Amino acid sequence: MTPHPQTETAAGAAVKAADRAHVFHSWSAQALIDPLAVAGAEGSHFWDYDGNRYLDFSSQLVNTNIGHQHPKVVAAIQEQAAKLCTLAPGFAVDVRSEAARLIAERTPGDLDKIFFTNGGAEAVENAIRMARLHTGRSKVLSTYRSYHGATAAAINLTGDPRRWPSDTASAGVVHFWGPFLYRSPFHATTEAEECERALRHLADTIAFEGPQSIAAIILETVPGTAGIMVPPAGYLAGVRELCDRYGIVFILDEVMAGFGRTGKWFAAEHWDVTPDLLTFAKGVNSGYVPLGGVAISAAIAETFATRPYPGGLTYSGHPLACAAAVATINAMEDEDIVGHAAHLAENVIGPALASIAERHPSVGEVRGLGTFWALELVRDKETREPLVPYNASGADNAPMAEFTAACKKSGLWPFVNMNRTHVVPACNISEAEAKEGLALLDEALTVADRHTTSA
């Protein structure tokens, strides 16, 4: 790593100083953070003002699915800016219509109407609103191991601890346990048992909450931040059947799992399941301009054919964001980025992580699809005790903090949450870059190994 000239270092210091003086960061104690000043990015790398380059194994927030600064998307944004920067949502705009068409072509089933939002949380908010209005019911069921966003309803739907400070327990949300064999709440020993018992638990929850009061069940097709727990065969189909039985709207949250991340355009394709509503964001345009949305079934769209939908956003279907989406989807198609993600899973990432798990006592389980993987880090493989306690901070989180620091020191930028590290690079990362990152991860895990019972 070769430092830039002194002027670049000074520029970085100025950026950092302005940030610390004026930027209020999300999910952070403001006086305890030290954000990296980033000078630029390209492909699967970004770098700071001192010339330190990082291989981005986080895709930022698992959203730069086609990497940084893809030239076709950058050009599309520039061209759209020269033509038409913005226009209110009530107008028909060519690039907005084309983005909706391209998305609808790739969503499962009859999800052919697209409501655009600024991001994933707003997509979830509107999906919930649609479900409640469509059914005339109020309750929504979601799993404990989940993340659906930080806005009012979305944060209540979320299952992880970020919900706690904002959870008023008055949003009509009921949480239940989804399937997760490695830490099964159902004492299951096989995927089939986990599936059957998780569905029975959900059916019981519906019965005791009153089916006639439940508007929707929302699931991340493959939970992301909560741990990339791939659902067992038959589970999503079972949820679909329960929803059909009781007239409940089935919502799949594909904000993180969609647009190639799992080696399919949408993760629902792996199980041939079609929801009533599907939320998306992140990978729809690789995060280059904020964009999200809800893909809507014909039945729910018909509810609002002559009845106004009571929701909207100033920047719904923003032309610059839609231009980025059109260019992203076309680039993914032209370059077979979805197929590449599936190839990496089968031939590069999956085999390498399996080998890493065999060598490291700190790796309890590896799971994932496409470029969407998690390593469960443990103190003991037999007892499966997490490397750090649930929601650990400070000294309790020291083992994960040391592991994270080791990754960054080697030039690998990881995605770390609780006792897990996720392998979530760009869907178009090259084989060579993926292997480089996996080798760096392999090396950094020796730090985690020091905190195991076998050390």
# chains A, B, ... in the order shown; residues from 1 in each chain; ligands from 1
$ closest_atom_pairs --of "region 47-162 of chain A" --to "region 9-14 of chain A" --cutoff "9 Å" --atoms "only C-alpha atoms" --output "CSV"
residue,atom,partner,partner_atom,distance
A:Asp48,CA,A:Gly12,CA,7.5
A:Tyr49,CA,A:Gly12,CA,5.1
A:Asp50,CA,A:Thr9,CA,5.5
A:Gly51,CA,A:Thr9,CA,8.8
$ closest_atom_pairs --of "region 110-213 of chain A" --to "region 77-93 of chain A" --cutoff "12 Å" --atoms "only C-alpha atoms" --output "Markdown table"
| residue | atom | partner | partner_atom | distance |
| --- | --- | --- | --- | --- |
| A:Phe115 | CA | A:Pro89 | CA | 10.2 |
| A:Phe116 | CA | A:Pro89 | CA | 9.1 |
| A:Thr117 | CA | A:Pro89 | CA | 10.4 |
$ write_last_selection --atoms "N, CA, C and O atoms" --output "compact mmCIF listing (two decimals), in the first residue's frame"
# COMPACT_ATOMS: atom_id res chain seq x y z
N PHE A 115 -44.63 0.03 -7.20
CA PHE A 115 -44.71 1.29 -6.47
C PHE A 115 -43.30 1.64 -6.02
O PHE A 115 -42.68 0.90 -5.26
N PHE A 116 -42.78 2.78 -6.47
CA PHE A 116 -41.40 3.15 -6.16
C PHE A 116 -41.30 3.94 -4.85
O PHE A 116 -42.15 4.78 -4.55
N THR A 117 -40.23 3.65 -4.10
CA THR A 117 -39.92 4.36 -2.87
C THR A 117 -38.46 4.82 -2.93
O THR A 117 -37.77 4.60 -3.93
$ residues_around --residues "region 176-188 of chain A" --least-positions-apart "6" --cutoff "8 Å" --atoms "only C-alpha atoms" --output "VMD selection string"
chain A and resid 141 to 145 194 to 195 197 to 198 201 to 202 205 229 231 to 232 365
$ atom_distance --atom1 "CA of Ser166 (chain A)" --atom2 "CA of Glu385 (chain A)"
29.0 Å
$ atom_distance --atom1 "CA of Ala192 (chain A)" --atom2 "CA of Trp271 (chain A)"
14.8 Å
$ residues_around --residues "region 377-379 of chain A" --least-positions-apart "3" --cutoff "7 Å" --atoms "only C-alpha atoms" --output "list of chain:residue names"
A:Ser362, A:Val363, A:Gly364, A:Arg384, A:Glu385, A:Pro386, A:Leu387, A:Asn419, A:Arg420, A:His451, A:Thr452, A:Thr453
$ residues_around --residues "Met332 (chain A)" --least-positions-apart "6" --cutoff "9 Å" --atoms "only C-alpha atoms" --output "list of chain:residue names"
A:Ile66, A:Phe259, A:Gly260, A:Val338, A:Asn428
$ residues_around --residues "Tyr288 (chain A)" --least-positions-apart "2" --cutoff "10 Å" --atoms "only C-alpha atoms" --output "list in words"
Asn63, Thr64, Gly67, His68, Gln69, His70, Val73, Val74, Ile77, Lys282, Gly283, Val284, Asn285, Ser286, Pro290, Leu291, Leu320, Ala321, Ala324, Ala325 and Thr328 of chain A
$ write_last_selection --atoms "all heavy atoms" --output "compact mmCIF listing (two decimals), in the first residue's frame"
# COMPACT_ATOMS: atom_id res chain seq x y z
N ASN A 63 -25.29 -3.80 -0.83
CA ASN A 63 -26.11 -3.15 -1.86
C ASN A 63 -25.37 -2.85 -3.15
O ASN A 63 -26.00 -2.67 -4.19
CB ASN A 63 -26.75 -1.87 -1.32
CG ASN A 63 -25.75 -0.80 -0.95
OD1 ASN A 63 -24.66 -1.09 -0.48
ND2 ASN A 63 -26.11 0.45 -1.14
N THR A 64 -24.04 -2.78 -3.14
CA THR A 64 -23.32 -2.52 -4.39
C THR A 64 -23.15 -3.84 -5.14
O THR A 64 -22.04 -4.35 -5.29
CB THR A 64 -21.96 -1.84 -4.13
OG1 THR A 64 -21.20 -2.63 -3.22
CG2 THR A 64 -22.15 -0.45 -3.56
N GLY A 67 -20.75 -3.74 -7.89
CA GLY A 67 -19.51 -3.07 -7.55
C GLY A 67 -19.61 -1.56 -7.64
O GLY A 67 -20.66 -1.00 -7.95
N HIS A 68 -18.49 -0.92 -7.37
CA HIS A 68 -18.42 0.54 -7.36
C HIS A 68 -18.15 1.09 -8.76
O HIS A 68 -17.34 0.54 -9.51
CB HIS A 68 -17.31 1.01 -6.42
CG HIS A 68 -17.50 0.60 -4.99
ND1 HIS A 68 -18.29 1.31 -4.12
CD2 HIS A 68 -17.02 -0.45 -4.28
CE1 HIS A 68 -18.27 0.73 -2.92
NE2 HIS A 68 -17.50 -0.35 -3.00
N GLN A 69 -18.82 2.18 -9.09
CA GLN A 69 -18.53 2.97 -10.30
C GLN A 69 -18.64 2.17 -11.60
O GLN A 69 -17.81 2.32 -12.49
CB GLN A 69 -17.13 3.60 -10.19
CG GLN A 69 -16.94 4.52 -8.99
CD GLN A 69 -17.89 5.71 -8.99
OE1 GLN A 69 -18.78 5.79 -8.17
NE2 GLN A 69 -17.70 6.62 -9.93
N HIS A 70 -19.64 1.33 -11.72
CA HIS A 70 -19.82 0.62 -12.98
C HIS A 70 -20.01 1.65 -14.09
O HIS A 70 -20.93 2.48 -14.02
CB HIS A 70 -21.02 -0.31 -12.90
CG HIS A 70 -21.10 -1.30 -14.02
ND1 HIS A 70 -21.33 -0.93 -15.33
CD2 HIS A 70 -20.96 -2.67 -14.04
CE1 HIS A 70 -21.34 -2.00 -16.10
NE2 HIS A 70 -21.12 -3.07 -15.34
N VAL A 73 -23.55 2.39 -15.62
CA VAL A 73 -24.52 3.02 -14.72
C VAL A 73 -24.16 4.48 -14.49
O VAL A 73 -25.03 5.35 -14.48
CB VAL A 73 -24.63 2.24 -13.40
CG1 VAL A 73 -25.69 2.86 -12.50
CG2 VAL A 73 -24.95 0.77 -13.66
N VAL A 74 -22.88 4.74 -14.32
CA VAL A 74 -22.43 6.13 -14.17
C VAL A 74 -22.83 6.95 -15.40
O VAL A 74 -23.36 8.06 -15.29
CB VAL A 74 -20.91 6.19 -13.94
CG1 VAL A 74 -20.41 7.64 -13.98
CG2 VAL A 74 -20.54 5.55 -12.60
N ILE A 77 -26.61 7.71 -15.47
CA ILE A 77 -26.99 8.79 -14.55
C ILE A 77 -26.63 10.14 -15.15
O ILE A 77 -27.41 11.10 -15.10
CB ILE A 77 -26.30 8.59 -13.18
CG1 ILE A 77 -26.80 7.29 -12.52
CG2 ILE A 77 -26.56 9.79 -12.26
CD1 ILE A 77 -25.99 6.88 -11.31
N LYS A 282 -31.76 -1.62 -2.54
CA LYS A 282 -30.35 -1.97 -2.62
C LYS A 282 -29.86 -2.33 -4.01
O LYS A 282 -29.51 -1.48 -4.81
CB LYS A 282 -30.04 -3.10 -1.61
CG LYS A 282 -30.16 -2.66 -0.14
CD LYS A 282 -29.72 -3.73 0.81
CE LYS A 282 -29.88 -3.34 2.28
NZ LYS A 282 -28.87 -2.40 2.77
N GLY A 283 -29.86 -3.63 -4.36
CA GLY A 283 -29.28 -4.09 -5.62
C GLY A 283 -30.01 -3.66 -6.86
O GLY A 283 -29.48 -3.84 -7.96
N VAL A 284 -31.21 -3.09 -6.74
CA VAL A 284 -31.97 -2.68 -7.92
C VAL A 284 -31.17 -1.72 -8.79
O VAL A 284 -31.29 -1.74 -10.01
CB VAL A 284 -33.34 -2.08 -7.55
CG1 VAL A 284 -33.18 -0.77 -6.77
CG2 VAL A 284 -34.20 -1.86 -8.78
N ASN A 285 -30.34 -0.88 -8.15
CA ASN A 285 -29.42 -0.05 -8.93
C ASN A 285 -28.06 0.07 -8.24
O ASN A 285 -27.35 1.04 -8.42
CB ASN A 285 -30.01 1.34 -9.23
CG ASN A 285 -30.27 2.15 -7.99
OD1 ASN A 285 -29.87 1.77 -6.89
ND2 ASN A 285 -30.94 3.28 -8.15
N SER A 286 -27.75 -0.96 -7.46
CA SER A 286 -26.46 -1.06 -6.77
C SER A 286 -26.24 0.10 -5.80
O SER A 286 -25.11 0.39 -5.42
CB SER A 286 -25.31 -1.13 -7.78
OG SER A 286 -24.25 -1.94 -7.30
N PRO A 290 -30.57 6.52 -4.41
CA PRO A 290 -31.54 5.83 -3.56
C PRO A 290 -32.80 5.43 -4.32
O PRO A 290 -33.43 6.25 -4.99
CB PRO A 290 -31.85 6.88 -2.48
CG PRO A 290 -30.61 7.71 -2.39
CD PRO A 290 -30.11 7.79 -3.80
N LEU A 291 -33.17 4.14 -4.20
CA LEU A 291 -34.37 3.63 -4.86
C LEU A 291 -34.81 2.33 -4.18
O LEU A 291 -33.99 1.50 -3.81
CB LEU A 291 -34.10 3.34 -6.34
CG LEU A 291 -35.30 2.88 -7.16
CD1 LEU A 291 -36.32 3.99 -7.31
CD2 LEU A 291 -34.87 2.40 -8.55
N LEU A 320 -33.38 10.04 -11.94
CA LEU A 320 -31.97 9.64 -11.85
C LEU A 320 -31.84 8.23 -11.26
O LEU A 320 -31.02 7.43 -11.71
CB LEU A 320 -31.18 10.64 -11.00
CG LEU A 320 -31.04 12.06 -11.54
CD1 LEU A 320 -30.17 12.89 -10.61
CD2 LEU A 320 -30.45 12.06 -12.94
N ALA A 321 -32.67 7.94 -10.25
CA ALA A 321 -32.63 6.62 -9.64
C ALA A 321 -33.12 5.55 -10.61
O ALA A 321 -32.55 4.46 -10.71
CB ALA A 321 -33.48 6.60 -8.37
N ALA A 324 -30.54 4.79 -13.21
CA ALA A 324 -29.53 3.89 -12.65
C ALA A 324 -30.05 2.46 -12.59
O ALA A 324 -29.29 1.51 -12.83
CB ALA A 324 -29.13 4.37 -11.25
N ALA A 325 -31.34 2.29 -12.27
CA ALA A 325 -31.92 0.94 -12.22
C ALA A 325 -31.95 0.30 -13.60
O ALA A 325 -31.60 -0.88 -13.76
CB ALA A 325 -33.32 1.00 -11.63
N THR A 328 -28.46 -0.65 -14.50
CA THR A 328 -27.99 -1.76 -13.68
C THR A 328 -28.58 -3.09 -14.14
O THR A 328 -27.86 -4.08 -14.32
CB THR A 328 -28.35 -1.52 -12.20
OG1 THR A 328 -27.66 -0.36 -11.73
CG2 THR A 328 -27.98 -2.71 -11.33
$ atom_distance --atom1 "CA of Gly159 (chain A)" --atom2 "CA of Glu269 (chain A)"
24.5 Å
$ residues_around --residues "Gly350 (chain A)" --least-positions-apart "2" --cutoff "9 Å" --atoms "only C-alpha atoms" --output "PyMOL selection string"
chain A and resi 344-348+352-355+366-370+373
$ write_last_selection --atoms "C-alpha atoms" --output "tab-separated table (two decimals), in the first residue's frame"
chain	number	residue	atom	x	y	z
A	344	LEU	CA	-19.01	-18.23	-7.56
A	345	ALA	CA	-21.17	-19.95	-4.95
A	346	GLU	CA	-20.74	-23.39	-6.46
A	347	ASN	CA	-17.13	-23.23	-7.58
A	348	VAL	CA	-15.32	-20.62	-5.50
A	352	ALA	CA	-13.45	-22.30	0.05
A	353	LEU	CA	-15.68	-21.58	3.03
A	354	ALA	CA	-16.27	-25.29	3.62
A	355	SER	CA	-12.50	-25.78	3.71
A	366	VAL	CA	-21.09	-21.86	6.99
A	367	ARG	CA	-24.31	-21.17	5.08
A	368	GLY	CA	-25.39	-19.21	2.05
A	369	LEU	CA	-26.22	-18.86	-1.65
A	370	GLY	CA	-24.73	-16.85	-4.51
A	373	TRP	CA	-22.84	-16.16	2.94
$ select_by_dssp --residues "region 168-303 of chain A" --states "strand (DSSP E)" --output "ChimeraX atom specification"
/A:173-176,214-220,249-253,277-280,292-296
$ closest_residue --among "A:Glu191, A:Glu42, A:Asp56, A:Glu254" --to "Trp413 (chain A)" --atoms "only C-alpha atoms"
A:Asp56
$ select_by_dssp --residues "region 407-445 of chain A" --states "alpha helix (DSSP H)" --output "NGL selection string"
:A and (407-410 or 431-445)
